[in-house]
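Comments concern the structure below.
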Amino acid sequence: MVILGAGPAGLVLANLLHANGVDCVVLERATRTHVQTRARAGFLAANTVRILERHGLAGGLHRHGRPHGSCEFRTEDGSFRLDYGGLGRGEQHTVYPQQELVSDLLARFLDAGGRIRFETEALAVLGADGQRPSVSVREADGRPRLWRARYVAGCDGRHGATRRSLPPGSVRRHHRDHGVSWLGVLAQAPPSLDAVGYALHRRGFAGHMARSPEVTRYYLQCEPGTAADAWSEERIWHELAVRMRAADHGPLHQGPILRRDVIDLRSDVLEPLRHGALLLAGDAASLISPSAAKGANLAVLEAELLADALIDDLTRGDSRALARYSAQCLTHIWRAQEFSHWMIQLLHDTSGPDDESPFQRRLRRARIESLRTSRTHQDWFAENYVGV
Ligand code: APR
């Protein structure tokens, strides 16, 4: 079994297969240091924690993760807080930076004797419609090599070899560009509120998410096409203070900006998630906008489903679960996409100067008001916000 990519999807899959006696190797383009220090998401859903617990992979997040169950909306009509941990199914997030989770998964896999090749770039998956597919790679020393296996798991993200290797017409691609971009910044500063902050402002959306007691992630809606370094630090903090209404709610904790990137909000789902012996999971299978923090959670869920199906197939000769894998994942993916799409519409004013726009803005205001006042709506929100 060859697994492409050592992100959350590839590493959960590798740990589960190895623990069940399935011979596998992980091929990863980047260095180990790069993989372990790449700051990404940080909000783990309750179901993700349960999956990791089930397989003995939750030690680090139990020691260092922090439970989180509140979000605060700040709008022109005032602010309100939803303690979602006590709504819906009563589930919370665990805040645990993704690079810590990836480090835990990697250490566990290597300690158990798992094989991983860093700095090994997959170039193409060949012969996926046959019984013996192969992966052509460029090894760390630059030499070409071919890896053969019964199955190849494509967990190499949005720009990996998996997506490039799918023959035209073999899968259908559903794509949506939401027309919204965020400038994301990682600040060396303590969180400014003990909740996820969603600020809806006529200048654009602003978001606040804790990563650790010392590091906070902020988002600022910006014009599509904005360069990551286009805004000065001063402008970033000023814009955050204005949109998050610091004058009413207290100043933000500021600190050096460690990293910044521009995120274009996009959704992209491939159907089916299988082409012969090539199986897709994580970002290679579907991209979801970060508006509801679902990406890493979907990746872990899919990895567990794929591992169970492969173990059945490879150790017991039972291929029924593998035949169901794509449809089962897609049900979860589309539910997450639906909620994420709803969040995008809630958080952004994408209307322009046309006649429809004042109508759209009032609808959005009514939606927020319903979320503020209706317990039923709040329960629905909580269930979908934490659920995958
Ligand atoms: N060959 C080998 N490895 C590759 C190649 C390649 N051609 N291309 C990419 N990779 C590696 C990347 O270096 C990365 O380590 O594949 C890995 C993919 O990892 P992620 O991008 O983290 O994807 P995934 O495991 O699917 O996790 C997805 O995590 O950060 C969240 O929200 C984010 O949705 C995302 C989720």
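By order of appearance in the structure tokens: chains A, B, ..., then residues from 1 within every chain, and ligands from 1 in the order shown.
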
**Request:** Show me which residues sit within 7 Å of ligand 1 when counting only C-alpha atoms and all ligand atoms, and put them as a ChimeraX atom specification.
**Result:** /A:4-10,27-30,35,40-41,98,120-123,155-161,281-284,287-288,290,293-296,299

Show me a table, sorted first by chain and then by increasing residue number, of the residues of stretch 93-204 of chain A having an atom at most 8 Å from stretch 248-258 of chain A, each with its shortest atom pair and the distance in Å to one decimal, counting only C-alpha atoms and written as a tab-separated table.
residue	atom	partner	partner_atom	distance
A:Val185	CA	A:Ile257	CA	6.6
A:Leu186	CA	A:Leu258	CA	5.5
A:Ala187	CA	A:Ile257	CA	4.4
A:Gln188	CA	A:Gly255	CA	5.1
A:Ala189	CA	A:Gly255	CA	4.8
A:Pro190	CA	A:His253	CA	6.2
A:Pro191	CA	A:His253	CA	6.8
A:Ser192	CA	A:Leu252	CA	5.2

Dump as a PDB file, in the first residue's frame, selection limited to all heavy atoms:
ATOM      1  N   VAL A 185      -3.884  36.175   9.188  1.00  0.00           N
ATOM      2  CA  VAL A 185      -2.623  36.460   9.873  1.00  0.00           C
ATOM      3  C   VAL A 185      -2.513  35.629  11.137  1.00  0.00           C
ATOM      4  O   VAL A 185      -3.512  35.362  11.805  1.00  0.00           O
ATOM      5  CB  VAL A 185      -2.433  37.970  10.223  1.00  0.00           C
ATOM      6  CG1 VAL A 185      -2.444  38.832   9.002  1.00  0.00           C
ATOM      7  CG2 VAL A 185      -3.445  38.458  11.223  1.00  0.00           C
ATOM      8  N   LEU A 186      -1.301  35.207  11.401  1.00  0.00           N
ATOM      9  CA  LEU A 186      -1.009  34.466  12.631  1.00  0.00           C
ATOM     10  C   LEU A 186      -0.198  35.424  13.488  1.00  0.00           C
ATOM     11  O   LEU A 186       0.878  35.848  13.083  1.00  0.00           O
ATOM     12  CB  LEU A 186      -0.207  33.219  12.280  1.00  0.00           C
ATOM     13  CG  LEU A 186      -0.202  32.096  13.285  1.00  0.00           C
ATOM     14  CD1 LEU A 186      -1.605  31.514  13.455  1.00  0.00           C
ATOM     15  CD2 LEU A 186       0.751  30.985  12.830  1.00  0.00           C
ATOM     16  N   ALA A 187      -0.749  35.794  14.635  1.00  0.00           N
ATOM     17  CA  ALA A 187      -0.089  36.816  15.465  1.00  0.00           C
ATOM     18  C   ALA A 187       0.464  36.205  16.743  1.00  0.00           C
ATOM     19  O   ALA A 187      -0.197  35.375  17.375  1.00  0.00           O
ATOM     20  CB  ALA A 187      -1.072  37.928  15.800  1.00  0.00           C
ATOM     21  N   GLN A 188       1.662  36.635  17.089  1.00  0.00           N
ATOM     22  CA  GLN A 188       2.271  36.218  18.365  1.00  0.00           C
ATOM     23  C   GLN A 188       1.638  37.105  19.446  1.00  0.00           C
ATOM     24  O   GLN A 188       2.223  38.050  19.935  1.00  0.00           O
ATOM     25  CB  GLN A 188       3.788  36.447  18.282  1.00  0.00           C
ATOM     26  CG  GLN A 188       4.578  36.072  19.519  1.00  0.00           C
ATOM     27  CD  GLN A 188       4.773  34.574  19.642  1.00  0.00           C
ATOM     28  OE1 GLN A 188       5.153  33.937  18.682  1.00  0.00           O
ATOM     29  NE2 GLN A 188       4.465  34.024  20.802  1.00  0.00           N
ATOM     30  N   ALA A 189       0.402  36.770  19.768  1.00  0.00           N
ATOM     31  CA  ALA A 189      -0.349  37.584  20.733  1.00  0.00           C
ATOM     32  C   ALA A 189      -1.424  36.702  21.365  1.00  0.00           C
ATOM     33  O   ALA A 189      -1.997  35.851  20.685  1.00  0.00           O
ATOM     34  CB  ALA A 189      -1.016  38.754  20.009  1.00  0.00           C
ATOM     35  N   PRO A 190      -1.692  36.891  22.652  1.00  0.00           N
ATOM     36  CA  PRO A 190      -2.738  36.081  23.282  1.00  0.00           C
ATOM     37  C   PRO A 190      -4.093  36.380  22.643  1.00  0.00           C
ATOM     38  O   PRO A 190      -4.289  37.470  22.098  1.00  0.00           O
ATOM     39  CB  PRO A 190      -2.746  36.553  24.740  1.00  0.00           C
ATOM     40  CG  PRO A 190      -1.578  37.442  24.905  1.00  0.00           C
ATOM     41  CD  PRO A 190      -1.111  37.874  23.553  1.00  0.00           C
ATOM     42  N   PRO A 191      -5.025  35.425  22.688  1.00  0.00           N
ATOM     43  CA  PRO A 191      -6.364  35.699  22.169  1.00  0.00           C
ATOM     44  C   PRO A 191      -6.959  36.942  22.831  1.00  0.00           C
ATOM     45  O   PRO A 191      -6.649  37.235  23.982  1.00  0.00           O
ATOM     46  CB  PRO A 191      -7.152  34.446  22.565  1.00  0.00           C
ATOM     47  CG  PRO A 191      -6.120  33.382  22.759  1.00  0.00           C
ATOM     48  CD  PRO A 191      -4.885  34.071  23.229  1.00  0.00           C
ATOM     49  N   SER A 192      -7.796  37.653  22.082  1.00  0.00           N
ATOM     50  CA  SER A 192      -8.383  38.881  22.618  1.00  0.00           C
ATOM     51  C   SER A 192      -9.746  38.641  23.233  1.00  0.00           C
ATOM     52  O   SER A 192     -10.286  39.518  23.897  1.00  0.00           O
ATOM     53  CB  SER A 192      -8.499  39.922  21.504  1.00  0.00           C
ATOM     54  OG  SER A 192      -7.221  40.256  21.028  1.00  0.00           O
TER      55      SER A 192
END

**Request:** DSSP on the backbone, then: every residue of stretch 132-245 of chain A marked strand (DSSP E), written as a PyMOL selection string.
**Result:** chain A and resi 134-138+144-148+152-154+172-187+196-199+206-210+216-222

Could I get the residues of stretch 165-233 of chain A with an atom no further than 12 Å from an atom of stretch 68-91 of chain A, each paired with its nearest atom pair and that distance in Å to one decimal, using only C-alpha atoms, sorted by chain and residue number, as JSON lines?
{"residue": "A:Ser192", "atom": "CA", "partner": "A:Glu72", "partner_atom": "CA", "distance": 11.8}
{"residue": "A:Leu193", "atom": "CA", "partner": "A:Glu72", "partner_atom": "CA", "distance": 8.9}
{"residue": "A:Asp194", "atom": "CA", "partner": "A:Ser70", "partner_atom": "CA", "distance": 7.6}
{"residue": "A:Ala195", "atom": "CA", "partner": "A:Cys71", "partner_atom": "CA", "distance": 4.7}
{"residue": "A:Val196", "atom": "CA", "partner": "A:Cys71", "partner_atom": "CA", "distance": 4.4}
{"residue": "A:Gly197", "atom": "CA", "partner": "A:Glu72", "partner_atom": "CA", "distance": 5.0}
{"residue": "A:Tyr198", "atom": "CA", "partner": "A:Phe73", "partner_atom": "CA", "distance": 4.9}
{"residue": "A:Ala199", "atom": "CA", "partner": "A:Arg74", "partner_atom": "CA", "distance": 4.6}
{"residue": "A:Leu200", "atom": "CA", "partner": "A:Thr75", "partner_atom": "CA", "distance": 5.1}
{"residue": "A:His201", "atom": "CA", "partner": "A:Thr75", "partner_atom": "CA", "distance": 6.4}
{"residue": "A:Arg202", "atom": "CA", "partner": "A:Glu76", "partner_atom": "CA", "distance": 8.5}
{"residue": "A:Arg203", "atom": "CA", "partner": "A:Glu76", "partner_atom": "CA", "distance": 11.4}
{"residue": "A:Gly204", "atom": "CA", "partner": "A:Thr75", "partner_atom": "CA", "distance": 11.1}
{"residue": "A:Phe205", "atom": "CA", "partner": "A:Thr75", "partner_atom": "CA", "distance": 9.9}
{"residue": "A:Ala206", "atom": "CA", "partner": "A:Arg74", "partner_atom": "CA", "distance": 9.5}
{"residue": "A:Gly207", "atom": "CA", "partner": "A:Phe73", "partner_atom": "CA", "distance": 9.5}
{"residue": "A:His208", "atom": "CA", "partner": "A:Glu72", "partner_atom": "CA", "distance": 9.5}
{"residue": "A:Met209", "atom": "CA", "partner": "A:Cys71", "partner_atom": "CA", "distance": 9.4}
{"residue": "A:Ala210", "atom": "CA", "partner": "A:His68", "partner_atom": "CA", "distance": 9.4}
{"residue": "A:Arg211", "atom": "CA", "partner": "A:His68", "partner_atom": "CA", "distance": 10.8}
{"residue": "A:Ser212", "atom": "CA", "partner": "A:His68", "partner_atom": "CA", "distance": 11.5}

**Residue neighbourhood stretch 124-140 of chain A, 8 Å, only C-alpha atoms, exclusion window fewer than 5 positions, as a VMD selection string** = chain A and resid 118 to 119 145 to 152 161 to 162 164 to 165 275 to 278

**Request:** List every residue of stretch 98-219 of chain A that DSSP, applied to the backbone of this structure, assigns to alpha helix (DSSP H), and report them as a PyMOL selection string.
**Result:** chain A and resi 98-111+161-165

Output file for the selection above: all heavy atoms, as a compact mmCIF listing (two decimals), in the first residue's frame:
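Output file again_11.txt is given in full below:
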# COMPACT_ATOMS: atom_id res chain seq x y z
N GLN A 98 -2.75 22.25 14.34
CA GLN A 98 -2.64 21.08 13.46
C GLN A 98 -1.21 20.55 13.37
O GLN A 98 -1.01 19.34 13.26
CB GLN A 98 -3.15 21.46 12.07
CG GLN A 98 -3.22 20.27 11.14
CD GLN A 98 -3.96 20.61 9.87
OE1 GLN A 98 -5.03 21.20 9.92
NE2 GLN A 98 -3.39 20.28 8.73
N GLN A 99 -0.22 21.46 13.45
CA GLN A 99 1.16 20.95 13.35
C GLN A 99 1.53 20.09 14.56
O GLN A 99 2.37 19.19 14.46
CB GLN A 99 2.17 22.09 13.13
CG GLN A 99 2.33 23.08 14.26
CD GLN A 99 1.33 24.22 14.20
OE1 GLN A 99 0.25 24.08 13.67
NE2 GLN A 99 1.71 25.35 14.76
N GLU A 100 0.87 20.35 15.70
CA GLU A 100 1.12 19.50 16.88
C GLU A 100 0.51 18.11 16.64
O GLU A 100 1.11 17.09 16.95
CB GLU A 100 0.47 20.10 18.14
CG GLU A 100 0.88 21.52 18.46
CD GLU A 100 2.35 21.62 18.82
OE1 GLU A 100 2.89 20.63 19.33
OE2 GLU A 100 2.95 22.67 18.55
N LEU A 101 -0.70 18.11 16.09
CA LEU A 101 -1.35 16.83 15.80
C LEU A 101 -0.52 16.03 14.79
O LEU A 101 -0.29 14.83 14.97
CB LEU A 101 -2.77 17.07 15.26
CG LEU A 101 -3.53 15.81 14.84
CD1 LEU A 101 -3.78 14.89 16.03
CD2 LEU A 101 -4.87 16.17 14.18
N VAL A 102 -0.07 16.71 13.74
CA VAL A 102 0.74 16.04 12.73
C VAL A 102 2.03 15.49 13.35
O VAL A 102 2.43 14.35 13.07
CB VAL A 102 1.03 17.02 11.55
CG1 VAL A 102 2.17 16.53 10.68
CG2 VAL A 102 -0.23 17.20 10.71
N SER A 103 2.64 16.26 14.25
CA SER A 103 3.87 15.78 14.93
C SER A 103 3.58 14.54 15.75
O SER A 103 4.36 13.58 15.75
CB SER A 103 4.45 16.87 15.84
OG SER A 103 4.77 18.00 15.08
N ASP A 104 2.45 14.53 16.47
CA ASP A 104 2.07 13.36 17.27
C ASP A 104 1.88 12.13 16.38
O ASP A 104 2.35 11.03 16.69
CB ASP A 104 0.73 13.59 18.00
CG ASP A 104 0.80 14.72 19.02
OD1 ASP A 104 1.91 15.18 19.32
OD2 ASP A 104 -0.28 15.13 19.51
N LEU A 105 1.16 12.33 15.27
CA LEU A 105 0.83 11.20 14.39
C LEU A 105 2.11 10.62 13.76
O LEU A 105 2.27 9.41 13.61
CB LEU A 105 -0.13 11.64 13.29
CG LEU A 105 -1.55 12.05 13.75
CD1 LEU A 105 -2.32 12.72 12.60
CD2 LEU A 105 -2.33 10.84 14.26
N LEU A 106 3.00 11.54 13.42
CA LEU A 106 4.26 11.14 12.79
C LEU A 106 5.12 10.35 13.78
O LEU A 106 5.64 9.27 13.46
CB LEU A 106 4.98 12.43 12.38
CG LEU A 106 6.01 12.39 11.30
CD1 LEU A 106 5.48 11.69 10.07
CD2 LEU A 106 6.40 13.83 10.94
N ALA A 107 5.26 10.89 15.00
CA ALA A 107 6.08 10.24 16.01
C ALA A 107 5.54 8.85 16.31
O ALA A 107 6.28 7.87 16.39
CB ALA A 107 6.12 11.09 17.28
N ARG A 108 4.23 8.76 16.42
CA ARG A 108 3.60 7.49 16.73
C ARG A 108 3.85 6.45 15.63
O ARG A 108 4.18 5.30 15.89
CB ARG A 108 2.10 7.75 16.92
CG ARG A 108 1.28 6.58 17.25
CD ARG A 108 1.75 5.97 18.59
NE ARG A 108 1.02 4.76 18.79
CZ ARG A 108 -0.13 4.70 19.42
NH1 ARG A 108 -0.63 5.77 19.98
NH2 ARG A 108 -0.77 3.56 19.53
N PHE A 109 3.73 6.90 14.39
CA PHE A 109 3.91 6.00 13.24
C PHE A 109 5.37 5.50 13.19
O PHE A 109 5.62 4.30 13.02
CB PHE A 109 3.54 6.76 11.96
CG PHE A 109 3.61 5.95 10.71
CD1 PHE A 109 2.83 4.80 10.56
CD2 PHE A 109 4.42 6.33 9.65
CE1 PHE A 109 2.88 4.05 9.38
CE2 PHE A 109 4.47 5.59 8.47
CZ PHE A 109 3.70 4.45 8.35
N LEU A 110 6.30 6.42 13.37
CA LEU A 110 7.72 6.03 13.29
C LEU A 110 8.11 5.15 14.48
O LEU A 110 8.83 4.15 14.31
CB LEU A 110 8.61 7.28 13.22
CG LEU A 110 8.46 8.08 11.92
CD1 LEU A 110 9.19 9.41 11.99
CD2 LEU A 110 8.97 7.26 10.72
N ASP A 111 7.61 5.48 15.67
CA ASP A 111 7.91 4.65 16.86
C ASP A 111 7.41 3.22 16.68
O ASP A 111 8.02 2.27 17.18
CB ASP A 111 7.24 5.23 18.12
CG ASP A 111 7.95 6.48 18.58
OD1 ASP A 111 9.03 6.78 18.04
OD2 ASP A 111 7.41 7.18 19.47
N ALA A 161 -0.01 15.00 -6.68
CA ALA A 161 0.05 14.22 -7.91
C ALA A 161 -1.27 13.50 -8.16
O ALA A 161 -1.62 13.19 -9.31
CB ALA A 161 1.18 13.21 -7.83
N THR A 162 -2.03 13.21 -7.09
CA THR A 162 -3.28 12.46 -7.24
C THR A 162 -4.23 13.17 -8.20
O THR A 162 -4.71 12.58 -9.17
CB THR A 162 -3.96 12.30 -5.86
OG1 THR A 162 -3.08 11.58 -5.02
CG2 THR A 162 -5.28 11.58 -5.98
N ARG A 163 -4.50 14.43 -7.89
CA ARG A 163 -5.47 15.16 -8.72
C ARG A 163 -4.99 15.24 -10.17
O ARG A 163 -5.79 15.12 -11.10
CB ARG A 163 -5.71 16.56 -8.16
CG ARG A 163 -6.65 16.55 -6.96
CD ARG A 163 -7.01 17.94 -6.51
NE ARG A 163 -8.11 17.86 -5.55
CZ ARG A 163 -9.21 18.59 -5.63
NH1 ARG A 163 -9.38 19.47 -6.58
NH2 ARG A 163 -10.16 18.46 -4.73
N ARG A 164 -3.68 15.43 -10.34
CA ARG A 164 -3.13 15.55 -11.70
C ARG A 164 -3.21 14.23 -12.46
O ARG A 164 -3.24 14.22 -13.69
CB ARG A 164 -1.66 15.97 -11.64
CG ARG A 164 -1.41 17.41 -11.29
CD ARG A 164 0.02 17.81 -11.67
NE ARG A 164 1.03 16.95 -11.09
CZ ARG A 164 1.57 17.11 -9.89
NH1 ARG A 164 1.18 18.13 -9.13
NH2 ARG A 164 2.49 16.29 -9.44
N SER A 165 -3.22 13.10 -11.73
CA SER A 165 -3.15 11.79 -12.39
C SER A 165 -4.51 11.24 -12.81
O SER A 165 -4.57 10.19 -13.44
CB SER A 165 -2.48 10.78 -11.46
OG SER A 165 -1.19 11.21 -11.12

**Distance query A:Ala323 at most 10 Å, only C-alpha atoms, self and fewer than 3 positions along chain excluded, as a ChimeraX atom specification** = /A:274,309,313,318-320,326-328

Residues from last step as file, N, CA and C atoms, as a compact mmCIF listing (two decimals), in the first residue's frame:
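Output contents, as saved in again26.txt:
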# COMPACT_ATOMS: atom_id res chain seq x y z
N ARG A 274 -12.82 7.64 -5.95
CA ARG A 274 -12.04 6.46 -6.29
C ARG A 274 -11.92 6.35 -7.80
N ALA A 309 -11.99 0.24 5.49
CA ALA A 309 -12.34 -0.44 4.24
C ALA A 309 -11.13 -1.21 3.68
N ASP A 313 -10.51 -5.26 3.10
CA ASP A 313 -10.16 -5.77 1.78
C ASP A 313 -8.83 -6.54 1.80
N ASP A 318 -12.52 -8.90 1.96
CA ASP A 318 -13.90 -8.41 1.88
C ASP A 318 -13.88 -6.98 1.33
N SER A 319 -14.35 -6.79 0.10
CA SER A 319 -14.22 -5.48 -0.54
C SER A 319 -15.50 -4.65 -0.48
N ARG A 320 -16.47 -5.09 0.32
CA ARG A 320 -17.76 -4.36 0.33
C ARG A 320 -17.61 -2.93 0.87
N SER A 326 -16.56 5.76 -1.24
CA SER A 326 -16.76 7.06 -1.87
C SER A 326 -18.13 7.65 -1.50
N ALA A 327 -19.17 6.87 -1.63
CA ALA A 327 -20.52 7.38 -1.36
C ALA A 327 -20.67 7.79 0.11
N GLN A 328 -20.05 6.98 0.98
CA GLN A 328 -20.14 7.28 2.41
C GLN A 328 -19.46 8.62 2.74
